[in-house]
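Student: Shown below is the structure under consideration.
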There are 2 protein chains.
Amino acid sequence: MLKLYHAEPLANSLKSLIPLKEKALPFESVYVDLHKFEQHAPWFVAINPEGQVPVLDHDGTIITHTTVINEYLEDAFPEAPALRPADPVGKARMRFWNKFVDEHVMNYVSMHGWHRMVGVIARSIESGEFEKLVDRIPLYEQRLKWRTARSGFSDSDLANATRKIEVSLDKVEQQLARTPWLAGDTYSLADINYFTSCAVSVVRMFLEKKVEKRAPRLVEWIERVRARPGVQAALSMPDRTNPALRTFSGHVR
Amino acid sequence: MLKLYHAEPLANSLKSLIPLKEKALPFESVYVDLHKFEQHAPWFVAINPEGQVPVLDHDGTIITHTTVINEYLEDAFPEAPALRPADPVGKARMRFWNKFVDEHVMNYVSMHGWHRMVGVIARSIESGEFEKLVDRIPLYEQRLKWRTARSGFSDSDLANATRKIEVSLDKVEQQLARTPWLAGDTYSLADINYFTSCAVSVVRMFLEKKVEKRAPRLVEWIERVRARPGVQAALSMPDRTNPALRTFSGHVR
């Protein structure tokens, strides 16, 4: 029995929802309401001590971190459609990209998202209440990120994040000039990772950067990923984002 | 035919030398002299555009990044002794730790190493020559790191790095109270990762922190890892470190 604790079909939650849908694995969906900070509530921290979504529960075994969850689904359900290349070199290419996205892209896109969205939430909370909410966040880095979202990320940090995102756009564009998918000839977890961590939101966030001209192959690739039935199914999961915050998170569906 | 481009049996180079020795895979060793900045020389950048060691060449296919290289060796040589748990949950535990070490430990230990060792090298080079050497470094982050090593890392960055290392010591100590190895019952790439990225140097660097008292299981685990013939063989590879810099890099052998 599979259970996924997740939030809206965006970013990290989307990253593990897509493989479940692509592989057609039945699972119980448990919605964790980030608007109510449920990810830091005692009941959830008892499941994931890091207080982060998504979390996979497979017959009581808890797996955390999307890149780890997604490879776990490959290992645990080898009979389901594969999202990992069959050959060792393909697997290495997939992991190279996963590492790049996890270490050099995801947190920088996230910073812009937090700047635009979470900052609004954080500033709407009265100081005493805010400190109480932050104090129960398990991870030091997440406490720091919430406090920074409230006071505002620095211009130099935001500029560096934009630079990192642009490096990734060019790097992906170059790869797509050589191979149809990031890890080579087959669609893989690497495509799902860059799509959910960066591509799907960056075109919305950085429309002024004219991604279409800078990275036309990337734009075409986004449409190819988005058109997949498994991706469509994941994107169609309920989105309870506060409509006032949809500028970042939502496209009209 | 396997070929490994690597430097001294320390840190990243050691991290991929150990699996090759543990798996008893014959390979050609190509020494890249970091003292001469060979990792940024045109001949090497032609092999790895990121200008970083180690690099695996398997019959002409280039694999970079130690975590990726090490899983590649598991996939490409399934008949050699396994360094990855056989079951899906064990693999997920191994990848959880690899991610933690790669994202939250390695760079922070590295900062202290650079502060103590690379800073000495960087400051010994005349400014004009230094800028010429830095300008040919492919990765932005590495150029920044060399410049910062020369001018000196800030006290707050070094303190944060120490905090991250201490978090990792406690986290590993807690895990070793539950299982003999990081990923569970079997020695794996996760043990090799924390050993080479942190444990082997941190006891030398932070002796004043009394790691022995704070993390006795970790100290015992270090000895268990170090005693393995494959680890011994990797640690016995030639070490050409400038003796004046051995305070960080070397133990007397």
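As shown in the structure tokens, the chain order sets the letters A, B, ...; within each chain, residues go from 1, and ligands are also counted from 1 in the order they appear.
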Can you check which residues of chain A have any atom within 6 Å of chain B? Use only C-alpha atoms and format it as an MDAnalysis selection string.
Tutor: chainID A and resid 68 72 75:76 88 92
Student: Excluding Ile18 of chain A and any residue of its chain fewer than 2 positions from it, enumerate the residues within 10 Å of it, using only C-alpha atoms, and give them as a list in words.
Tutor: Pro9, Ser13, Leu14, Lys15, Ser16, Leu20, Lys21, Glu22, Lys23, Ala24, Asn70, Leu189, Ile192, Asn193, Thr196, Arg228, Pro229, Gly230, Val231, Gln232, Ala233, Ala234 and Leu235 of chain A
Student: Please list as a list in words every residue within 12 Å of Trp181 of chain B, counting only C-alpha atoms and excluding residues in the same chain fewer than 6 positions away.
Tutor: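 My reading of the contact set: Leu83, Arg84, Pro85, Gly90, Arg93, Met94, Trp97, Val172, Glu173, Gln174, Gln175, Tyr187, Ser188, Leu189, Ala190, Asp191, Ile192, Asn193, Tyr194, Phe195, Arg217, Leu218, Glu220, Trp221, Ile222, Arg224 and Val225 of chain B.
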Student: Save out the residues we just selected, C-alpha atoms, as a PDB file, in the first residue's frame.
Tutor:
```
ATOM      1  CA  LEU B  83      28.615  -1.467  -2.416  1.00  0.00           C
ATOM      2  CA  ARG B  84      24.902  -0.763  -2.746  1.00  0.00           C
ATOM      3  CA  PRO B  85      22.280  -2.577  -0.647  1.00  0.00           C
ATOM      4  CA  GLY B  90      18.442  -0.059   1.558  1.00  0.00           C
ATOM      5  CA  ARG B  93      18.635   4.848   2.711  1.00  0.00           C
ATOM      6  CA  MET B  94      22.013   4.936   0.924  1.00  0.00           C
ATOM      7  CA  TRP B  97      22.759   9.744   3.089  1.00  0.00           C
ATOM      8  CA  VAL B 172      25.725  10.037  12.006  1.00  0.00           C
ATOM      9  CA  GLU B 173      26.243   9.182  15.674  1.00  0.00           C
ATOM     10  CA  GLN B 174      22.466   8.743  16.080  1.00  0.00           C
ATOM     11  CA  GLN B 175      22.261   6.533  13.001  1.00  0.00           C
ATOM     12  CA  TYR B 187      28.608  -1.198   4.286  1.00  0.00           C
ATOM     13  CA  SER B 188      27.751   0.968   1.264  1.00  0.00           C
ATOM     14  CA  LEU B 189      28.627   3.985  -0.847  1.00  0.00           C
ATOM     15  CA  ALA B 190      27.034   6.109   1.897  1.00  0.00           C
ATOM     16  CA  ASP B 191      29.745   5.056   4.356  1.00  0.00           C
ATOM     17  CA  ILE B 192      32.434   5.732   1.757  1.00  0.00           C
ATOM     18  CA  ASN B 193      30.902   9.159   1.103  1.00  0.00           C
ATOM     19  CA  TYR B 194      30.804  10.370   4.716  1.00  0.00           C
ATOM     20  CA  PHE B 195      34.205   8.801   5.451  1.00  0.00           C
ATOM     21  CA  ARG B 217      30.315   5.318  17.656  1.00  0.00           C
ATOM     22  CA  LEU B 218      31.507   7.464  14.781  1.00  0.00           C
ATOM     23  CA  GLU B 220      34.691   3.299  16.108  1.00  0.00           C
ATOM     24  CA  TRP B 221      32.987   3.323  12.674  1.00  0.00           C
ATOM     25  CA  ILE B 222      35.911   5.327  11.198  1.00  0.00           C
ATOM     26  CA  ARG B 224      35.999  -0.098  10.853  1.00  0.00           C
ATOM     27  CA  VAL B 225      35.935   1.706   7.499  1.00  0.00           C
TER      28      VAL B 225
END
```
Student: Kindly indicate which residue among A:Glu79, A:Pro138, A:Glu126, A:Pro216 lies nearest to Phe44 of chain A, using only C-alpha atoms for the distances.
Tutor: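 Closest candidate: A:Pro138.
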Student: Would you pick out the contacts of Trp114 of chain B at 9 Å or less, using only C-alpha atoms, so that residues sharing its chain but fewer than 6 positions from it are not included, and give the list as number ranges by chain?
Tutor: B: 120, 145-146, 149, 153
Student: Hey, which of A:Thr179, A:Leu144, A:Ser151, A:Pro81 ends up closest to Ser127 of chain A? Count only C-alpha atoms.
Tutor: A:Ser151
Student: Using only C-alpha atoms, which of A:Leu182, A:Asp57, A:Ile121, A:His6 sits nearest Asp33 of chain A?
Tutor: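 Selected residue with least distance to Asp33 of chain A: A:His6.
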Student: Report as an MDAnalysis selection string: the residues of segment 39-232 of chain B with a DSSP assignment of helix (DSSP H, G or I), based on the backbone of this structure.
Tutor: chainID B and resid 39:40 42:45 66:76 88:104 106:123 127:135 140:151 155:178 189:205 207:209 211:214 216:226 229:232
Student: Can those selected residues be exported to a file as a compact mmCIF listing (two decimals), in the first residue's frame so that it contains C-alpha atoms?
Tutor:
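Generated output (result01.txt):
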```
# COMPACT_ATOMS: atom_id res chain seq x y z
CA GLN B 39 42.52 20.32 -13.47
CA HIS B 40 42.02 23.69 -15.22
CA PRO B 42 43.04 22.84 -21.60
CA TRP B 43 43.89 19.12 -21.99
CA PHE B 44 41.90 18.28 -18.85
CA VAL B 45 38.99 20.65 -19.51
CA THR B 66 31.78 11.06 -7.52
CA THR B 67 28.28 10.08 -6.39
CA VAL B 68 27.35 9.44 -10.02
CA ILE B 69 30.62 7.62 -10.78
CA ASN B 70 30.17 5.36 -7.77
CA GLU B 71 26.60 4.32 -8.66
CA TYR B 72 27.78 3.85 -12.25
CA LEU B 73 30.37 1.31 -11.08
CA GLU B 74 27.56 -0.58 -9.31
CA ASP B 75 25.43 -0.61 -12.49
CA ALA B 76 28.25 -1.36 -14.94
CA PRO B 88 14.99 -1.02 -2.57
CA VAL B 89 14.70 0.38 0.97
CA GLY B 90 18.44 -0.06 1.56
CA LYS B 91 19.18 1.71 -1.72
CA ALA B 92 16.88 4.58 -0.67
CA ARG B 93 18.64 4.85 2.71
CA MET B 94 22.01 4.94 0.92
CA ARG B 95 20.82 7.70 -1.43
CA PHE B 96 19.33 9.67 1.45
CA TRP B 97 22.76 9.74 3.09
CA ASN B 98 24.58 10.45 -0.17
CA LYS B 99 22.31 13.44 -0.73
CA PHE B 100 22.83 14.65 2.81
CA VAL B 101 26.63 14.39 2.53
CA ASP B 102 26.74 15.95 -0.95
CA GLU B 103 24.43 18.85 -0.07
CA HIS B 104 25.00 19.52 3.62
CA MET B 106 31.03 18.06 1.79
CA ASN B 107 31.24 21.75 0.87
CA TYR B 108 31.49 22.77 4.52
CA VAL B 109 34.38 20.44 5.31
CA SER B 110 35.91 21.61 2.05
CA MET B 111 35.65 25.25 3.14
CA HIS B 112 37.74 24.54 6.24
CA GLY B 113 40.23 22.60 4.13
CA TRP B 114 40.49 25.43 1.62
CA HIS B 115 40.77 27.96 4.43
CA ARG B 116 43.75 26.09 5.87
CA MET B 117 45.44 24.72 2.76
CA VAL B 118 44.32 26.29 -0.50
CA GLY B 119 44.43 29.78 1.03
CA VAL B 120 48.15 29.25 1.65
CA ILE B 121 48.67 28.25 -1.99
CA ALA B 122 46.46 31.06 -3.33
CA ARG B 123 48.25 33.73 -1.32
CA SER B 127 48.30 38.79 -8.15
CA GLY B 128 48.58 38.99 -11.93
CA GLU B 129 49.48 35.32 -12.18
CA PHE B 130 46.65 34.44 -9.76
CA GLU B 131 44.03 36.23 -11.86
CA LYS B 132 45.29 34.45 -14.98
CA LEU B 133 44.99 31.07 -13.23
CA VAL B 134 41.52 31.86 -11.90
CA ASP B 135 40.26 33.17 -15.23
CA TYR B 140 31.79 30.28 -11.66
CA GLU B 141 31.51 28.79 -8.16
CA GLN B 142 35.09 27.51 -8.30
CA ARG B 143 36.44 30.89 -9.44
CA LEU B 144 34.62 32.48 -6.51
CA LYS B 145 35.98 29.85 -4.13
CA TRP B 146 39.60 30.43 -5.26
CA ARG B 147 39.23 34.21 -4.87
CA THR B 148 37.65 33.79 -1.44
CA ALA B 149 40.38 31.34 -0.39
CA ARG B 150 42.96 34.02 -1.26
CA SER B 151 41.20 36.88 0.54
CA ASP B 155 34.33 34.15 10.25
CA SER B 156 30.56 33.78 9.89
CA ASP B 157 30.91 31.43 6.91
CA LEU B 158 33.50 29.35 8.76
CA ALA B 159 31.29 29.24 11.86
CA ASN B 160 28.32 28.13 9.79
CA ALA B 161 30.48 25.44 8.17
CA THR B 162 31.50 24.21 11.63
CA ARG B 163 27.84 24.15 12.66
CA LYS B 164 26.93 22.06 9.58
CA ILE B 165 29.76 19.61 10.32
CA GLU B 166 28.65 19.27 13.94
CA VAL B 167 25.05 18.62 12.87
CA SER B 168 26.38 15.84 10.65
CA LEU B 169 28.50 14.32 13.45
CA ASP B 170 25.43 14.10 15.68
CA LYS B 171 23.23 12.77 12.89
CA VAL B 172 25.72 10.04 12.01
CA GLU B 173 26.24 9.18 15.67
CA GLN B 174 22.47 8.74 16.08
CA GLN B 175 22.26 6.53 13.00
CA LEU B 176 25.14 4.35 14.21
CA ALA B 177 23.23 3.80 17.46
CA ARG B 178 20.54 2.12 15.34
CA LEU B 189 28.63 3.99 -0.85
CA ALA B 190 27.03 6.11 1.90
CA ASP B 191 29.75 5.06 4.36
CA ILE B 192 32.43 5.73 1.76
CA ASN B 193 30.90 9.16 1.10
CA TYR B 194 30.80 10.37 4.72
CA PHE B 195 34.21 8.80 5.45
CA THR B 196 35.96 10.57 2.57
CA SER B 197 33.97 13.83 2.59
CA CYS B 198 34.06 14.43 6.30
CA ALA B 199 35.04 11.81 8.85
CA VAL B 200 38.63 11.12 7.83
CA SER B 201 39.59 14.81 7.95
CA VAL B 202 37.25 16.15 10.59
CA VAL B 203 38.80 14.19 13.43
CA ARG B 204 42.16 15.72 12.47
CA MET B 205 40.76 19.22 11.92
CA LEU B 207 40.43 17.41 17.50
CA GLU B 208 39.74 20.27 19.88
CA LYS B 209 36.03 19.51 19.55
CA VAL B 211 34.95 14.11 18.54
CA GLU B 212 35.89 11.03 20.55
CA LYS B 213 33.60 12.05 23.41
CA ARG B 214 30.87 13.59 21.31
CA PRO B 216 32.25 7.54 20.10
CA ARG B 217 30.32 5.32 17.66
CA LEU B 218 31.51 7.46 14.78
CA VAL B 219 35.14 7.08 15.92
CA GLU B 220 34.69 3.30 16.11
CA TRP B 221 32.99 3.32 12.67
CA ILE B 222 35.91 5.33 11.20
CA GLU B 223 38.27 2.57 12.35
CA ARG B 224 36.00 -0.10 10.85
CA VAL B 225 35.93 1.71 7.50
CA ARG B 226 39.65 2.45 7.57
CA PRO B 229 41.53 -3.74 2.65
CA GLY B 230 39.93 -1.75 -0.20
CA VAL B 231 40.11 1.45 1.85
CA GLN B 232 43.70 0.68 2.85
```
Student: Give me every strand (DSSP E or B) residue in segment 27-221 of chain B, going by DSSP on the backbone, as a list in words.
Tutor: Glu28, Ser29, Val30, Tyr31, Val55, Leu56, Asp57, His58, Thr61, Ile62, Ile63, Thr64, Trp181 and Gly184 of chain B
Student: Have a look at atom CA of Leu34 of chain B and atom CA of Asn12 of chain B and let me know their distance in Å, one decimal.
Tutor: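 These atoms are spaced 12.5 Å apart.
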Student: Can you measure atom CA of Val32 of chain A to atom CA of Leu139 of chain A for me? One decimal in Å is fine.
Tutor: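 Atom CA of Val32 of chain A sits 17.7 Å away from atom CA of Leu139 of chain A.
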Student: For atom CA of Lys36 of chain B and atom CA of Ser236 of chain B, quote the distance in Å rounded to one decimal.
Tutor: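 Atom CA of Ser236 of chain B lies at a distance of 21.9 Å from atom CA of Lys36 of chain B.
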